[in-house]
Amino acid sequence: MSMLGLIGRQEELFVSDILKNEKELSKIVSNSSFLVIGGAGSIGQAVCKEIFKRNPKKLHIVDISENNLVEVVRDIRSSSGYIDGDFRSFALDCGSLAFDVFFQAQSSYDYVLNLSALKHVRSEKDPYTLMRMIDVNILNTEKTMTQALDKGAKKYFCVSTDKAANPVNMMGASKRIMEFFLMRMSKKLPVSTARFANVAFSDGSLLHGFNQRLQKRQPISAPKDIKRYFVTPKESGELCLMSCIFGDNRDIFFPKLDEKLNLTTFSDIAIKYLNSLNYEAYQCSSEDEARSRVDELVAQKKWPCYFFDSDTTGEKDFEEFYTDNEILDMNRFESIGIIKNDAIYNECMLNIFLDKIAQMKNSKNWTRHELVELFNKMIPNFNHKETGKFLDNRM
């Protein structure tokens, strides 16, 4: 079964919009230079492939993962070959001094795309990883935006998340705060972003974990009550590039919800995934049963699964790409909606946020509660769901 079939679809989302705009898209890309930060992650790789196949003048990829950079280069070479332009990769952390020196040494980029992110709800379980989430999702964005401005970039794109709309977890809230910083920079440098659904089988995702569990002959565990929208990696790359190239200043692109994009449970995908590999999903009553019966059930072409009701901190009951008070343009594209933003942000609160984080770092002492409280001040209607249970406590 194809990836589309696993997530309950037969058609790709953005085919018509890409086809209608391909001539202009290819012309702009082929005459432009690009820096993609976080370009070796699942979304980053998809974006880089979309740029590369349209023959850019320059495509530089930066990522903290040396191994993933190797794979994205091999993937591009094996699928698209070579371009006339300058294509290089750099194993750098965009928050480091080495990146600052690298960026300063380059001629200007037309488009700077930031795809780096801590995207997991599990990353908010402790104060140390949560501070890194703030560094990656907010502070590095603020820093690289300023660098792009100083170097004369035409546009800065940064990926957001559907979870930034009415956030209930710290990850979504960090992206919402990031959007505030984008709005502030938009007065000096054109910016755009995208909110989209879960990227199916992206690195570290639950669906990617299904592959890992089968390779390691381990049971599959998934919530049965959580429904999500899914896009393919290719669709994520297309949406990001469309927003980067065609988005007006402050636009947020998102996939329209129609008959082609349906809510799907993780447990349903697990059942389809196993069926595609000629296994029957066998539902166990506990993690212990699932672990203990692997050999017995696999020999019968059944795979042990534990499907449960979710009760972990930060799980959102439903997904949404925009709120009731946001202005939408639903007519420009067939399958893409656009949130039209004014430069609305609280300058005082942004400065307070930066000062508070700096104070915590200087003291080398902060708590998770302090960070949650700071987020509550930044987003007054932040509805953080605290259950005391985290995903690391599950199989």
# chains A, B, ... in the order shown; residues from 1 in each chain; ligands from 1
call {"tool": "closest_atom_pairs", "arguments": {"of": "region 180-203 of chain A", "to": "region 150-171 of chain A", "cutoff": "8 Å", "atoms": "only C-alpha atoms", "output": "Markdown table"}}
result
| residue | atom | partner | partner_atom | distance |
| --- | --- | --- | --- | --- |
| A:Leu189 | CA | A:Lys155 | CA | 6.6 |
| A:Pro190 | CA | A:Lys155 | CA | 5.1 |
| A:Val191 | CA | A:Tyr156 | CA | 4.8 |
| A:Ser192 | CA | A:Phe157 | CA | 5.1 |
| A:Thr193 | CA | A:Cys158 | CA | 5.1 |
| A:Ala194 | CA | A:Val159 | CA | 5.4 |
| A:Arg195 | CA | A:Thr161 | CA | 4.3 |
| A:Phe196 | CA | A:Asp162 | CA | 5.4 |
| A:Ala197 | CA | A:Asp162 | CA | 6.3 |
call {"tool": "closest_atom_pairs", "arguments": {"of": "region 80-139 of chain A", "to": "region 236-246 of chain A", "cutoff": "12 Å", "atoms": "only C-alpha atoms", "output": "tab-separated table"}}
result
residue	atom	partner	partner_atom	distance
A:Asp110	CA	A:Ile245	CA	10.4
A:Tyr111	CA	A:Cys244	CA	7.8
A:Val112	CA	A:Cys244	CA	8.9
A:Leu113	CA	A:Cys244	CA	7.7
A:Asn114	CA	A:Cys240	CA	10.2
A:Leu115	CA	A:Cys240	CA	9.2
call {"tool": "residues_around", "arguments": {"residues": "region 349-364 of chain A", "least_positions_apart": "4", "cutoff": "12 Å", "atoms": "only C-alpha atoms", "output": "number ranges by chain"}}
result
A: 127-128, 130-132, 134-135, 138-139, 142-143, 174, 177-185, 344-345, 368, 370-380
call {"tool": "write_last_selection", "arguments": {"atoms": "N, CA, C and O atoms", "output": "compact mmCIF listing (two decimals), in the first residue's frame"}}
result
# COMPACT_ATOMS: atom_id res chain seq x y z
N PRO A 127 12.99 20.67 32.38
CA PRO A 127 13.35 22.07 32.15
C PRO A 127 14.52 22.26 31.21
O PRO A 127 14.64 23.31 30.58
N TYR A 128 15.39 21.25 31.06
CA TYR A 128 16.59 21.39 30.26
C TYR A 128 16.27 21.25 28.76
O TYR A 128 16.68 22.08 27.95
N LEU A 130 13.33 21.61 27.58
CA LEU A 130 12.40 22.70 27.29
C LEU A 130 13.16 23.98 26.97
O LEU A 130 12.77 24.73 26.06
N MET A 131 14.25 24.24 27.67
CA MET A 131 15.06 25.42 27.35
C MET A 131 15.68 25.28 25.97
O MET A 131 15.77 26.26 25.21
N ARG A 132 16.09 24.06 25.61
CA ARG A 132 16.63 23.86 24.25
C ARG A 132 15.53 24.09 23.21
O ARG A 132 15.80 24.63 22.14
N ILE A 134 13.18 26.25 23.43
CA ILE A 134 13.12 27.71 23.31
C ILE A 134 14.26 28.21 22.44
O ILE A 134 14.07 29.07 21.56
N ASP A 135 15.47 27.68 22.66
CA ASP A 135 16.61 28.07 21.84
C ASP A 135 16.36 27.79 20.36
O ASP A 135 16.56 28.65 19.50
N ILE A 138 12.64 29.41 18.99
CA ILE A 138 12.41 30.85 19.11
C ILE A 138 13.70 31.66 18.92
O ILE A 138 13.79 32.47 18.00
N LEU A 139 14.69 31.41 19.76
CA LEU A 139 15.88 32.27 19.75
C LEU A 139 16.71 32.12 18.49
O LEU A 139 17.22 33.11 17.95
N GLU A 142 14.96 34.06 15.79
CA GLU A 142 15.22 35.50 15.93
C GLU A 142 16.63 35.84 15.44
O GLU A 142 16.83 36.83 14.72
N LYS A 143 17.59 35.00 15.78
CA LYS A 143 18.97 35.27 15.38
C LYS A 143 19.16 35.17 13.87
O LYS A 143 19.75 36.06 13.23
N SER A 174 5.59 27.46 21.81
CA SER A 174 6.88 28.00 21.39
C SER A 174 6.82 28.47 19.94
O SER A 174 7.40 29.51 19.58
N ILE A 177 4.88 31.78 19.89
CA ILE A 177 5.76 32.89 20.28
C ILE A 177 6.72 33.21 19.14
O ILE A 177 7.00 34.38 18.85
N MET A 178 7.21 32.17 18.46
CA MET A 178 8.06 32.38 17.29
C MET A 178 7.33 33.23 16.25
O MET A 178 7.93 34.12 15.63
N GLU A 179 6.03 32.96 16.05
CA GLU A 179 5.26 33.75 15.09
C GLU A 179 5.20 35.22 15.49
O GLU A 179 5.20 36.11 14.64
N PHE A 180 5.16 35.50 16.81
CA PHE A 180 5.19 36.90 17.26
C PHE A 180 6.49 37.57 16.82
O PHE A 180 6.50 38.72 16.37
N PHE A 181 7.61 36.84 16.97
CA PHE A 181 8.90 37.40 16.55
C PHE A 181 8.95 37.58 15.04
O PHE A 181 9.55 38.55 14.54
N LEU A 182 8.32 36.67 14.29
CA LEU A 182 8.23 36.84 12.84
C LEU A 182 7.48 38.12 12.50
O LEU A 182 7.87 38.87 11.59
N MET A 183 6.37 38.37 13.20
CA MET A 183 5.58 39.56 12.93
C MET A 183 6.40 40.83 13.20
O MET A 183 6.31 41.81 12.45
N ARG A 184 7.20 40.80 14.25
CA ARG A 184 8.03 41.97 14.53
C ARG A 184 9.07 42.19 13.42
O ARG A 184 9.25 43.32 12.95
N MET A 185 9.72 41.11 12.98
CA MET A 185 10.72 41.25 11.92
C MET A 185 10.08 41.66 10.60
O MET A 185 10.75 42.27 9.74
N ILE A 344 0.92 42.26 14.24
CA ILE A 344 0.40 42.39 15.60
C ILE A 344 1.30 41.61 16.57
O ILE A 344 1.48 40.40 16.43
N TYR A 345 1.86 42.32 17.53
CA TYR A 345 2.71 41.71 18.55
C TYR A 345 2.86 42.72 19.67
O TYR A 345 2.56 43.92 19.50
N ARG A 368 10.96 24.01 35.26
CA ARG A 368 9.94 23.85 34.23
C ARG A 368 8.74 24.75 34.54
O ARG A 368 8.15 25.35 33.64
N GLU A 370 8.71 27.65 36.01
CA GLU A 370 9.01 29.03 35.64
C GLU A 370 8.84 29.26 34.15
O GLU A 370 8.32 30.30 33.71
N LEU A 371 9.24 28.28 33.35
CA LEU A 371 9.10 28.41 31.90
C LEU A 371 7.64 28.35 31.47
O LEU A 371 7.20 29.11 30.59
N VAL A 372 6.88 27.47 32.10
CA VAL A 372 5.45 27.39 31.80
C VAL A 372 4.76 28.70 32.15
O VAL A 372 3.93 29.22 31.39
N GLU A 373 5.11 29.27 33.30
CA GLU A 373 4.51 30.55 33.71
C GLU A 373 4.87 31.67 32.74
O GLU A 373 4.04 32.54 32.43
N LEU A 374 6.10 31.67 32.24
CA LEU A 374 6.52 32.68 31.28
C LEU A 374 5.71 32.55 29.98
O LEU A 374 5.27 33.55 29.40
N PHE A 375 5.48 31.32 29.55
CA PHE A 375 4.67 31.09 28.36
C PHE A 375 3.23 31.56 28.58
O PHE A 375 2.60 32.11 27.68
N ASN A 376 2.71 31.35 29.79
CA ASN A 376 1.35 31.80 30.11
C ASN A 376 1.24 33.33 30.01
O ASN A 376 0.20 33.86 29.60
N LYS A 377 2.30 34.04 30.37
CA LYS A 377 2.30 35.49 30.26
C LYS A 377 2.36 35.93 28.80
O LYS A 377 1.75 36.93 28.42
N MET A 378 3.11 35.19 28.00
CA MET A 378 3.25 35.54 26.59
C MET A 378 1.96 35.28 25.81
O MET A 378 1.64 35.98 24.87
N ILE A 379 1.24 34.21 26.20
CA ILE A 379 0.00 33.81 25.52
C ILE A 379 -1.09 33.74 26.57
O ILE A 379 -1.29 32.70 27.21
N PRO A 380 -1.83 34.82 26.81
CA PRO A 380 -2.79 34.86 27.91
C PRO A 380 -3.85 33.76 27.87
O PRO A 380 -4.31 33.31 28.92
call {"tool": "residues_around", "arguments": {"residues": "Met330 (chain A)", "least_positions_apart": "6", "cutoff": "9 Å", "atoms": "only C-alpha atoms", "output": "ChimeraX atom specification"}}
result
/A:256,336-339
call {"tool": "write_last_selection", "arguments": {"atoms": "N, CA and C atoms", "output": "PDB file, in the first residue's frame"}}
result
ATOM      1  N   LYS A 256      -5.942  23.296   2.861  1.00  0.00           N
ATOM      2  CA  LYS A 256      -7.386  23.375   3.044  1.00  0.00           C
ATOM      3  C   LYS A 256      -7.935  22.010   3.460  1.00  0.00           C
ATOM      4  N   ILE A 336      -4.741  25.310  -1.002  1.00  0.00           N
ATOM      5  CA  ILE A 336      -3.978  25.996   0.037  1.00  0.00           C
ATOM      6  C   ILE A 336      -4.764  27.200   0.516  1.00  0.00           C
ATOM      7  N   GLY A 337      -4.956  27.300   1.824  1.00  0.00           N
ATOM      8  CA  GLY A 337      -5.531  28.487   2.430  1.00  0.00           C
ATOM      9  C   GLY A 337      -4.425  29.381   2.952  1.00  0.00           C
ATOM     10  N   ILE A 338      -4.738  30.654   3.153  1.00  0.00           N
ATOM     11  CA  ILE A 338      -3.739  31.615   3.615  1.00  0.00           C
ATOM     12  C   ILE A 338      -4.321  32.436   4.759  1.00  0.00           C
ATOM     13  N   ILE A 339      -3.574  32.501   5.860  1.00  0.00           N
ATOM     14  CA  ILE A 339      -3.908  33.413   6.951  1.00  0.00           C
ATOM     15  C   ILE A 339      -3.215  34.741   6.667  1.00  0.00           C
TER      16      ILE A 339
END
call {"tool": "residues_around", "arguments": {"residues": "Phe230 (chain A)", "least_positions_apart": "4", "cutoff": "8 Å", "atoms": "only C-alpha atoms", "output": "VMD selection string"}}
result
chain A and resid 7 197 to 200 261 to 264
call {"tool": "write_last_selection", "arguments": {"atoms": "C-alpha atoms", "output": "short mmCIF file (atom, residue, chain, number, x, y, z; two decimals), in the first residue's frame"}}
result
data_model
loop_
_atom_site.label_atom_id
_atom_site.label_comp_id
_atom_site.auth_asym_id
_atom_site.auth_seq_id
_atom_site.Cartn_x
_atom_site.Cartn_y
_atom_site.Cartn_z
CA ILE A 7 -3.18 7.83 5.59
CA ALA A 197 -0.53 18.57 9.64
CA ASN A 198 1.61 15.71 10.88
CA VAL A 199 4.15 14.64 8.27
CA ALA A 200 3.56 10.94 7.74
CA LEU A 261 -7.64 15.53 3.78
CA ASN A 262 -9.25 13.45 6.49
CA LEU A 263 -8.70 12.95 10.20
CA THR A 264 -7.15 9.54 10.87
#
call {"tool": "residues_around", "arguments": {"residues": "Gly44 (chain A)", "least_positions_apart": "4", "cutoff": "8 Å", "atoms": "only C-alpha atoms", "output": "PyMOL selection string"}}
result
chain A and resi 36-40+48+115-116+237
call {"tool": "atom_distance", "arguments": {"atom1": "CA of Trp303 (chain A)", "atom2": "CA of Gly209 (chain A)"}}
result
14.4 Å
call {"tool": "residues_around", "arguments": {"residues": "Asp295 (chain A)", "least_positions_apart": "4", "cutoff": "9 Å", "atoms": "only C-alpha atoms", "output": "list in words"}}
result
Arg217, Ala299 and Gln300 of chain A
call {"tool": "write_last_selection", "arguments": {"atoms": "N, CA, C and O atoms", "output": "CSV table (one decimal), in the first residue's frame"}}
result
chain,number,residue,atom,x,y,z
A,217,ARG,N,11.6,-6.2,15.6
A,217,ARG,CA,10.7,-7.3,16.0
A,217,ARG,C,10.1,-7.0,17.4
A,217,ARG,O,10.2,-7.8,18.4
A,299,ALA,N,4.8,-15.5,14.5
A,299,ALA,CA,4.9,-16.9,13.8
A,299,ALA,C,3.5,-17.2,13.1
A,299,ALA,O,3.4,-17.9,12.2
A,300,GLN,N,2.4,-16.5,13.6
A,300,GLN,CA,1.1,-16.7,13.1
A,300,GLN,C,0.7,-15.6,12.1
A,300,GLN,O,-0.4,-15.5,11.7
call {"tool": "decode", "arguments": {"residues": "region 40-193 of chain A", "atoms": "C-alpha atoms", "output": "compact mmCIF listing (two decimals), in the first residue's frame"}}
result
# COMPACT_ATOMS: atom_id res chain seq x y z
CA ALA A 40 18.39 17.37 6.59
CA GLY A 41 15.28 16.73 8.69
CA SER A 42 12.24 15.12 7.11
CA ILE A 43 10.59 18.40 6.08
CA GLY A 44 13.94 20.01 5.28
CA GLN A 45 14.91 17.19 2.94
CA ALA A 46 11.57 17.46 1.15
CA VAL A 47 12.02 21.23 0.73
CA CYS A 48 15.58 20.82 -0.55
CA LYS A 49 14.46 18.27 -3.14
CA GLU A 50 11.73 20.63 -4.36
CA ILE A 51 14.26 23.46 -4.71
CA PHE A 52 17.01 21.33 -6.26
CA LYS A 53 14.86 19.85 -9.04
CA ARG A 54 14.11 23.41 -10.24
CA ASN A 55 17.83 24.16 -10.80
CA PRO A 56 18.61 27.00 -8.33
CA LYS A 57 21.62 29.26 -8.74
CA LYS A 58 22.72 28.24 -5.25
CA LEU A 59 21.44 25.80 -2.65
CA HIS A 60 23.29 25.52 0.64
CA ILE A 61 22.00 23.12 3.29
CA VAL A 62 22.84 23.49 6.98
CA ASP A 63 21.95 20.88 9.57
CA ILE A 64 23.21 19.76 12.97
CA SER A 65 23.07 16.09 11.92
CA GLU A 66 26.09 15.05 9.89
CA ASN A 67 24.59 11.64 9.11
CA ASN A 68 21.29 13.05 7.86
CA LEU A 69 23.19 15.51 5.65
CA VAL A 70 25.01 12.60 4.04
CA GLU A 71 21.66 10.95 3.31
CA VAL A 72 20.01 14.05 1.83
CA VAL A 73 22.95 14.56 -0.53
CA ARG A 74 22.91 10.88 -1.55
CA ASP A 75 19.15 11.04 -2.03
CA ILE A 76 19.32 14.14 -4.22
CA ARG A 77 22.21 12.81 -6.27
CA SER A 78 20.46 9.47 -6.74
CA SER A 79 17.12 11.00 -7.78
CA SER A 80 17.86 14.34 -9.47
CA GLY A 81 21.57 14.19 -10.26
CA TYR A 82 23.36 17.51 -10.61
CA ILE A 83 22.67 21.18 -11.24
CA ASP A 84 24.74 23.97 -12.78
CA GLY A 85 24.46 26.00 -9.59
CA ASP A 86 26.36 25.82 -6.31
CA PHE A 87 25.09 22.92 -4.20
CA ARG A 88 26.79 22.27 -0.85
CA SER A 89 25.99 21.00 2.63
CA PHE A 90 27.40 22.10 5.99
CA ALA A 91 27.21 20.19 9.29
CA LEU A 92 26.56 23.20 11.51
CA ASP A 93 24.34 24.18 14.43
CA CYS A 94 22.64 27.44 13.44
CA GLY A 95 22.90 28.56 17.07
CA SER A 96 26.71 28.25 17.09
CA LEU A 97 29.59 30.65 16.53
CA ALA A 98 30.76 28.46 13.65
CA PHE A 99 27.45 29.11 11.85
CA ASP A 100 27.76 32.86 12.46
CA VAL A 101 31.22 32.88 10.87
CA PHE A 102 29.98 30.72 7.99
CA PHE A 103 27.00 32.99 7.32
CA GLN A 104 29.10 36.13 7.41
CA ALA A 105 31.54 34.61 4.91
CA GLN A 106 28.81 33.94 2.30
CA SER A 107 27.47 36.28 -0.30
CA SER A 108 23.83 37.11 0.26
CA TYR A 109 21.04 34.53 -0.16
CA ASP A 110 17.78 35.51 -1.82
CA TYR A 111 15.78 33.16 0.39
CA VAL A 112 16.61 31.89 3.86
CA LEU A 113 14.41 28.99 4.99
CA ASN A 114 14.52 27.78 8.57
CA LEU A 115 13.17 24.24 8.96
CA SER A 116 14.98 23.44 12.22
CA ALA A 117 12.68 22.68 15.16
CA LEU A 118 12.13 20.66 18.28
CA LYS A 119 8.76 19.28 17.27
CA HIS A 120 7.90 16.68 19.89
CA VAL A 121 5.53 17.18 22.79
CA ARG A 122 7.87 14.85 24.70
CA SER A 123 10.55 17.59 24.53
CA GLU A 124 8.69 19.63 27.16
CA LYS A 125 8.94 17.03 29.93
CA ASP A 126 11.98 18.53 31.71
CA PRO A 127 13.35 22.07 32.15
CA TYR A 128 16.59 21.39 30.26
CA THR A 129 15.10 20.05 27.03
CA LEU A 130 12.40 22.70 27.29
CA MET A 131 15.06 25.42 27.35
CA ARG A 132 16.63 23.86 24.25
CA MET A 133 13.20 23.97 22.60
CA ILE A 134 13.12 27.71 23.31
CA ASP A 135 16.61 28.07 21.84
CA VAL A 136 15.80 26.14 18.67
CA ASN A 137 12.22 27.22 18.00
CA ILE A 138 12.41 30.85 19.11
CA LEU A 139 15.88 32.27 19.75
CA ASN A 140 17.60 30.70 16.75
CA THR A 141 14.75 31.98 14.58
CA GLU A 142 15.22 35.50 15.93
CA LYS A 143 18.97 35.27 15.38
CA THR A 144 18.89 33.89 11.84
CA MET A 145 16.19 36.38 10.82
CA THR A 146 18.48 39.21 11.90
CA GLN A 147 21.36 37.66 9.99
CA ALA A 148 19.21 37.30 6.88
CA LEU A 149 18.19 40.96 7.17
CA ASP A 150 21.79 42.11 7.58
CA LYS A 151 22.83 40.15 4.49
CA GLY A 152 20.08 41.60 2.32
CA ALA A 153 17.87 38.53 1.88
CA LYS A 154 14.65 39.00 -0.09
CA LYS A 155 12.59 36.72 2.14
CA TYR A 156 12.74 34.67 5.34
CA PHE A 157 10.60 31.56 5.68
CA CYS A 158 10.19 29.62 8.92
CA VAL A 159 7.98 26.58 9.38
CA SER A 160 5.34 26.75 12.09
CA THR A 161 2.79 24.11 13.16
CA ASP A 162 -0.94 23.59 13.36
CA LYS A 163 -0.38 23.30 17.12
CA ALA A 164 0.39 27.04 17.22
CA ALA A 165 -3.32 27.72 16.70
CA ASN A 166 -4.85 27.80 20.20
CA PRO A 167 -1.84 25.93 21.65
CA VAL A 168 -2.28 23.46 24.51
CA ASN A 169 1.34 22.27 24.72
CA MET A 170 4.67 24.02 25.11
CA MET A 171 5.84 22.97 21.65
CA GLY A 172 2.85 24.63 19.99
CA ALA A 173 3.19 27.64 22.27
CA SER A 174 6.88 28.00 21.39
CA LYS A 175 5.92 28.17 17.72
CA ARG A 176 3.19 30.72 18.50
CA ILE A 177 5.76 32.89 20.28
CA MET A 178 8.06 32.38 17.29
CA GLU A 179 5.26 33.75 15.09
CA PHE A 180 5.19 36.90 17.26
CA PHE A 181 8.90 37.40 16.55
CA LEU A 182 8.23 36.84 12.84
CA MET A 183 5.58 39.56 12.93
CA ARG A 184 8.03 41.97 14.53
CA MET A 185 10.72 41.25 11.92
CA SER A 186 8.14 41.62 9.11
CA LYS A 187 8.42 45.40 9.44
CA LYS A 188 12.02 45.13 8.18
CA LEU A 189 12.16 41.90 6.16
CA PRO A 190 9.41 40.05 4.28
CA VAL A 191 8.54 36.81 6.09
CA SER A 192 6.14 33.94 5.56
CA THR A 193 5.44 30.62 7.21
